[in-house]
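File shown: final38.cif (mmCIF, C-alpha atoms).
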data_target
#
loop_
_atom_site.label_atom_id
_atom_site.label_comp_id
_atom_site.auth_asym_id
_atom_site.auth_seq_id
_atom_site.Cartn_x
_atom_site.Cartn_y
_atom_site.Cartn_z
CA ASP A 1 0.00 0.00 0.00
CA ALA A 2 1.25 3.45 -0.97
CA GLY A 3 1.31 5.02 2.49
CA ILE A 4 -2.39 5.68 2.84
CA THR A 5 -4.34 5.02 6.00
CA GLN A 6 -7.98 5.48 6.77
CA SER A 7 -9.60 5.76 10.18
CA PRO A 8 -11.71 4.35 11.52
CA ARG A 9 -11.78 1.11 9.52
CA HIS A 10 -15.25 0.24 10.76
CA LYS A 11 -17.96 2.40 12.28
CA VAL A 12 -21.57 1.89 13.27
CA THR A 13 -23.60 4.98 13.99
CA GLU A 14 -27.18 6.12 14.28
CA THR A 15 -29.23 8.18 11.87
CA GLY A 16 -28.84 11.89 12.45
CA THR A 17 -25.41 11.79 14.07
CA PRO A 18 -22.37 13.51 12.55
CA VAL A 19 -19.54 11.30 11.35
CA THR A 20 -16.00 12.19 10.27
CA LEU A 21 -13.72 9.85 8.36
CA ARG A 22 -10.03 10.55 8.06
CA CYS A 23 -7.59 9.82 5.27
CA HIS A 24 -3.88 10.24 5.89
CA GLN A 25 -1.08 9.95 3.31
CA THR A 26 2.68 9.94 3.60
CA GLU A 27 3.37 10.29 -0.15
CA ASN A 28 2.99 14.06 -0.47
CA HIS A 29 0.61 13.59 -3.42
CA ARG A 30 -1.30 16.66 -4.52
CA TYR A 31 -4.65 15.04 -5.25
CA MET A 32 -6.83 13.25 -2.71
CA TYR A 33 -10.24 11.71 -3.31
CA TRP A 34 -13.15 10.27 -1.39
CA TYR A 35 -15.25 7.55 -3.03
CA ARG A 36 -18.09 5.37 -1.91
CA GLN A 37 -18.55 1.82 -3.15
CA ASP A 38 -21.92 0.10 -3.11
CA PRO A 39 -22.99 -3.26 -4.54
CA GLY A 40 -23.85 -3.02 -8.22
CA HIS A 41 -22.21 0.37 -8.60
CA GLY A 42 -18.75 1.38 -9.55
CA LEU A 43 -16.75 3.57 -7.24
CA ARG A 44 -18.46 6.95 -7.14
CA LEU A 45 -16.61 10.16 -6.44
CA ILE A 46 -17.89 12.18 -3.49
CA HIS A 47 -15.35 15.01 -3.28
CA TYR A 48 -11.75 15.54 -4.22
CA SER A 49 -8.96 17.91 -3.33
CA TYR A 50 -6.24 19.35 -5.56
CA GLY A 51 -4.32 21.08 -2.81
CA VAL A 52 -4.53 22.42 0.72
CA LYS A 53 -7.90 24.12 1.15
CA ASP A 54 -8.73 23.39 -2.52
CA THR A 55 -11.64 21.00 -2.93
CA ASP A 56 -14.35 20.27 -5.46
CA LYS A 57 -17.52 18.22 -5.64
CA GLY A 58 -17.86 14.84 -7.25
CA GLU A 59 -20.95 13.15 -8.61
CA VAL A 60 -22.50 12.18 -5.23
CA SER A 61 -21.57 15.07 -2.95
CA ASP A 62 -24.97 15.78 -1.35
CA GLY A 63 -24.88 15.20 2.40
CA TYR A 64 -21.08 15.23 2.55
CA SER A 65 -18.46 17.87 3.21
CA VAL A 66 -14.67 17.72 3.15
CA SER A 67 -11.72 19.63 4.47
CA ARG A 68 -8.02 19.60 3.75
CA SER A 69 -5.98 21.76 6.10
CA LYS A 70 -2.73 19.86 5.52
CA THR A 71 -1.30 18.08 2.49
CA GLU A 72 -1.38 14.74 4.26
CA ASP A 73 -4.92 14.79 5.67
CA PHE A 74 -8.31 14.77 3.93
CA LEU A 75 -11.41 14.59 6.10
CA LEU A 76 -14.87 13.50 5.00
CA THR A 77 -17.80 14.59 7.16
CA LEU A 78 -21.36 13.38 7.10
CA GLU A 79 -23.20 16.25 8.75
CA SER A 80 -26.22 14.15 9.69
CA ALA A 81 -25.83 10.51 8.72
CA THR A 82 -28.66 8.72 6.92
CA SER A 83 -29.18 5.04 6.21
CA SER A 84 -28.52 5.68 2.51
CA GLN A 85 -24.97 6.61 3.47
CA THR A 86 -24.26 3.09 4.66
CA SER A 87 -21.39 2.13 2.39
CA VAL A 88 -17.70 1.40 2.10
CA TYR A 89 -15.70 4.59 1.76
CA PHE A 90 -12.35 4.66 0.01
CA CYS A 91 -9.77 7.38 0.01
CA ALA A 92 -7.35 7.65 -2.90
CA ILE A 93 -4.35 9.77 -3.76
CA SER A 94 -2.55 10.68 -6.98
CA GLU A 95 0.28 12.92 -8.07
CA GLY A 96 -1.78 14.44 -10.85
CA GLN A 97 -5.31 14.02 -12.15
CA GLN A 98 -4.16 11.72 -14.94
CA ASN A 99 -1.85 9.65 -12.79
CA GLU A 100 -2.60 6.33 -11.16
CA GLN A 101 -4.75 6.58 -8.09
CA PHE A 102 -3.59 4.68 -5.02
CA PHE A 103 -6.37 3.56 -2.73
CA GLY A 104 -6.56 3.23 1.01
CA PRO A 105 -7.93 0.12 2.75
CA GLY A 106 -11.46 1.50 3.07
CA THR A 107 -13.84 2.33 5.90
CA ARG A 108 -17.03 0.34 6.34
CA LEU A 109 -19.75 2.65 7.67
CA THR A 110 -23.12 1.41 8.85
CA VAL A 111 -25.86 3.90 9.66
CA LEU A 112 -28.70 2.37 11.66
CA LYS B 10 -23.61 9.92 -21.31
CA ASN B 11 -20.17 8.86 -20.10
CA GLN B 12 -20.46 5.26 -18.94
CA VAL B 13 -18.32 2.18 -18.42
CA GLU B 14 -19.99 -1.21 -18.60
CA GLN B 15 -18.33 -4.48 -17.69
CA SER B 16 -19.25 -8.05 -18.40
CA PRO B 17 -19.81 -10.57 -17.06
CA GLN B 18 -20.87 -9.42 -13.61
CA SER B 19 -19.31 -12.52 -12.12
CA LEU B 20 -17.35 -15.49 -13.38
CA ILE B 21 -16.29 -18.81 -11.91
CA ILE B 22 -13.34 -20.67 -13.41
CA LEU B 23 -11.11 -23.56 -12.44
CA GLU B 24 -7.55 -22.96 -11.37
CA GLY B 25 -5.18 -23.08 -14.33
CA LYS B 26 -7.77 -21.99 -16.88
CA ASN B 27 -7.73 -18.74 -18.86
CA CYS B 28 -10.45 -16.12 -18.87
CA THR B 29 -11.31 -12.83 -20.53
CA LEU B 30 -13.20 -9.94 -18.98
CA GLN B 31 -14.87 -7.27 -21.10
CA CYS B 32 -15.23 -3.52 -20.78
CA ASN B 33 -17.27 -1.27 -23.08
CA TYR B 34 -17.26 2.47 -22.64
CA THR B 35 -18.94 5.54 -24.05
CA VAL B 36 -16.56 8.00 -22.42
CA SER B 37 -15.48 10.95 -24.53
CA PRO B 38 -13.06 12.52 -25.10
CA PHE B 39 -10.99 9.50 -24.16
CA SER B 40 -7.76 9.97 -22.26
CA ASN B 41 -6.73 6.59 -20.85
CA LEU B 42 -8.08 3.26 -19.62
CA ARG B 43 -6.93 1.36 -16.57
CA TRP B 44 -7.72 -2.04 -15.17
CA TYR B 45 -7.69 -2.36 -11.40
CA LYS B 46 -7.76 -5.47 -9.23
CA GLN B 47 -9.63 -5.28 -5.94
CA ASP B 48 -9.19 -8.05 -3.40
CA THR B 49 -12.00 -8.55 -0.93
CA GLY B 50 -11.80 -6.02 1.87
CA ARG B 51 -9.08 -3.95 0.24
CA GLY B 52 -8.75 -0.95 -2.03
CA PRO B 53 -8.25 -1.35 -5.80
CA VAL B 54 -4.73 -1.68 -7.20
CA SER B 55 -3.81 -0.69 -10.75
CA LEU B 56 -2.84 -3.51 -13.14
CA THR B 57 -2.42 -1.76 -16.49
CA ILE B 58 -2.91 1.57 -18.18
CA MET B 59 -3.42 2.23 -21.88
CA THR B 60 -3.66 5.45 -23.83
CA PHE B 61 -5.35 5.99 -27.18
CA SER B 62 -2.37 4.82 -29.21
CA GLU B 63 -1.77 1.59 -27.26
CA ASN B 64 -3.73 -1.53 -28.09
CA THR B 65 -2.15 -4.02 -25.72
CA LYS B 66 -0.37 -3.97 -22.37
CA SER B 67 0.81 -6.87 -20.25
CA ASN B 68 1.54 -7.24 -16.56
CA GLY B 69 2.65 -10.78 -15.84
CA ARG B 70 -0.27 -13.12 -16.49
CA TYR B 71 -2.58 -10.17 -17.13
CA THR B 72 -2.93 -8.79 -20.67
CA ALA B 73 -5.18 -5.87 -21.47
CA THR B 74 -6.27 -4.91 -24.96
CA LEU B 75 -7.87 -1.71 -26.20
CA ASP B 76 -9.83 -1.01 -29.37
CA ALA B 77 -10.36 2.74 -29.32
CA ASP B 78 -12.46 2.62 -32.49
CA THR B 79 -15.10 0.31 -31.01
CA LYS B 80 -14.51 1.62 -27.47
CA GLN B 81 -13.88 -1.81 -26.08
CA SER B 82 -11.24 -3.24 -23.80
CA SER B 83 -10.58 -6.70 -22.48
CA LEU B 84 -8.49 -8.16 -19.68
CA HIS B 85 -7.15 -11.64 -20.32
CA ILE B 86 -5.88 -13.71 -17.41
CA THR B 87 -3.66 -16.64 -18.29
CA ALA B 88 -3.24 -19.78 -16.18
CA SER B 89 -5.42 -18.50 -13.39
CA GLN B 90 -4.42 -18.93 -9.74
CA LEU B 91 -6.48 -18.95 -6.58
CA SER B 92 -5.05 -15.52 -5.75
CA ASP B 93 -6.68 -14.12 -8.88
CA SER B 94 -10.04 -14.33 -7.12
CA ALA B 95 -11.01 -10.68 -6.88
CA SER B 96 -13.02 -7.94 -8.54
CA TYR B 97 -11.59 -6.43 -11.69
CA ILE B 98 -12.55 -2.85 -12.39
CA CYS B 99 -12.29 -1.01 -15.70
CA VAL B 100 -11.65 2.71 -15.30
CA VAL B 101 -11.76 5.27 -18.09
CA SER B 102 -10.52 8.85 -17.84
CA ARG B 103 -11.68 11.68 -20.03
CA SER B 104 -10.39 15.18 -20.44
CA VAL B 105 -12.61 18.02 -19.24
CA GLY B 106 -12.62 21.63 -20.38
CA ASN B 107 -9.65 23.58 -21.65
CA THR B 108 -7.68 23.74 -18.41
CA GLY B 109 -6.18 20.27 -18.44
CA GLY B 110 -8.72 18.71 -16.12
CA PHE B 111 -9.74 15.05 -16.13
CA LYS B 112 -12.61 12.99 -14.83
CA THR B 113 -12.49 9.29 -14.04
CA ILE B 114 -15.41 6.91 -14.58
CA PHE B 115 -15.39 3.51 -12.88
CA GLY B 116 -17.11 0.39 -14.11
CA ALA B 117 -19.04 -1.73 -11.61
CA GLY B 118 -16.47 -4.51 -11.89
CA THR B 119 -16.41 -8.22 -12.68
CA ARG B 120 -16.22 -10.55 -9.72
CA LEU B 121 -13.89 -13.48 -10.54
CA PHE B 122 -13.87 -16.67 -8.50
CA VAL B 123 -11.06 -19.16 -9.13
CA LYS B 124 -11.78 -22.62 -7.77
CA ALA B 125 -9.28 -25.35 -6.99
#
Show me this structure written as structure tokens.
Amino acid sequence: DAGITQSPRHKVTETGTPVTLRCHQTENHRYMYWYRQDPGHGLRLIHYSYGVKDTDKGEVSDGYSVSRSKTEDFLLTLESATSSQTSVYFCAISEGQQNEQFFGPGTRLTVL
Amino acid sequence: KNQVEQSPQSLIILEGKNCTLQCNYTVSPFSNLRWYKQDTGRGPVSLTIMTFSENTKSNGRYTATLDADTKQSSLHITASQLSDSASYICVVSRSVGNTGGFKTIFGAGTRLFVKA
């Protein structure tokens, strides 16, 4: 694995509670991404970052926010978790937008 | 609409046999195509990448082909091993706008089971 960690690896929470997932990299890559993966769907981009404090929305950004205050950390926040946000969340990093993306181990989130 | 479709959804083969996975895409303008392998419980890992001008790329027992005219790609696995059991994801990137941006579209993957 290319120096990417995600925390927590598993989380169970209740509807309406806020949740923050953390992605940490040691590769000094410029781009960081948050995806969700659900059965029958490909990985879907939630948000991505192209630098410190520079972020943009992906295709499924509703209900999610992100922050990147340091090159190495990219946080994903569910302001008020819903059952539809039960999923496996993957963080990825890349040097440039066209370069290979390296994925973290994933976080399994269950919203009851 | 920019889409990536993979077939079959799942496949079961015996150890030692060969198999071919398919990927059809409607992504435009095309930039590159990657195949990723995703083991259960782990993040995807890149196997191959091909640009418009490349029509084949190998990585050990994995060989990817690309036909940019028909917008089709295949991943051929030779002499399968139990460790090949995984999901294989086709990923196509397209250029966006005039500022050098790119977007990446993921297929839903093919789940391969290799049996002893």
Taking 5 positions as the minimum chain separation for residues in the same chain, which residues sit within 6 Å of stretch 60-72 of chain A when counting only C-alpha atoms? Answer as a list in words.
His24, Gln25, Ile46, Val52, Lys53, Thr77 and Leu78 of chain A
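All of the residues in chain A within 10 Å of chain B are Asp1, Gln37, Asp38, Pro39, Gly40, His41, Gly42, Leu43, Arg44, Leu45, Gly58, Val88, Tyr89, Phe90, Cys91, Ala92, Gly96, Gln97, Gln98, Asn99, Glu100, Gln101, Phe102, Phe103, Gly104, Pro105, Gly106, Thr107 and Arg108 of chain A, where all atoms listed in the file were counted.
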Counting only C-alpha atoms, find residues at most 8 Å from (-23.4, 9.4, 10.9) (file frame) and give them as number ranges by chain.
A: 13-20, 78-82, 111
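If only C-alpha atoms are the atoms counted, then among B:Ser82, B:Ser92, B:Thr72, B:Thr35 the closest residue to B:Thr60 is B:Ser82.
Of the listed residues A:Ser49, A:Thr26, A:Ser83, A:Thr55, the one whose atoms come nearest to A:Thr5 is A:Thr26, with distances taken using only C-alpha atoms.
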Identify the residues around (-3.7, 4.2, -29.9) within a radius of 10 Å, measuring from all atoms listed in the file in the coordinates stated by the file, and give them as a PyMOL selection string.
chain B and resi 41+59-65+75-78
Could you work out how far atom CA of A:Thr86 lies from atom CA of A:His10, giving the answer in Å with one decimal?
11.2 Å
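For the atom pair formed by atom CA of B:Asn27 and atom CA of B:Phe39, the distance is 28.9 Å, given to one decimal.
Interatomic distance, atom CA of A:Tyr31 against atom CA of B:Ser37: 22.5 Å.
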Near-B:Leu23 list (8 Å; all atoms listed in the file; drop same-chain fewer than 4 positions) as an NGL selection string:
:B and (89 or 123-125)
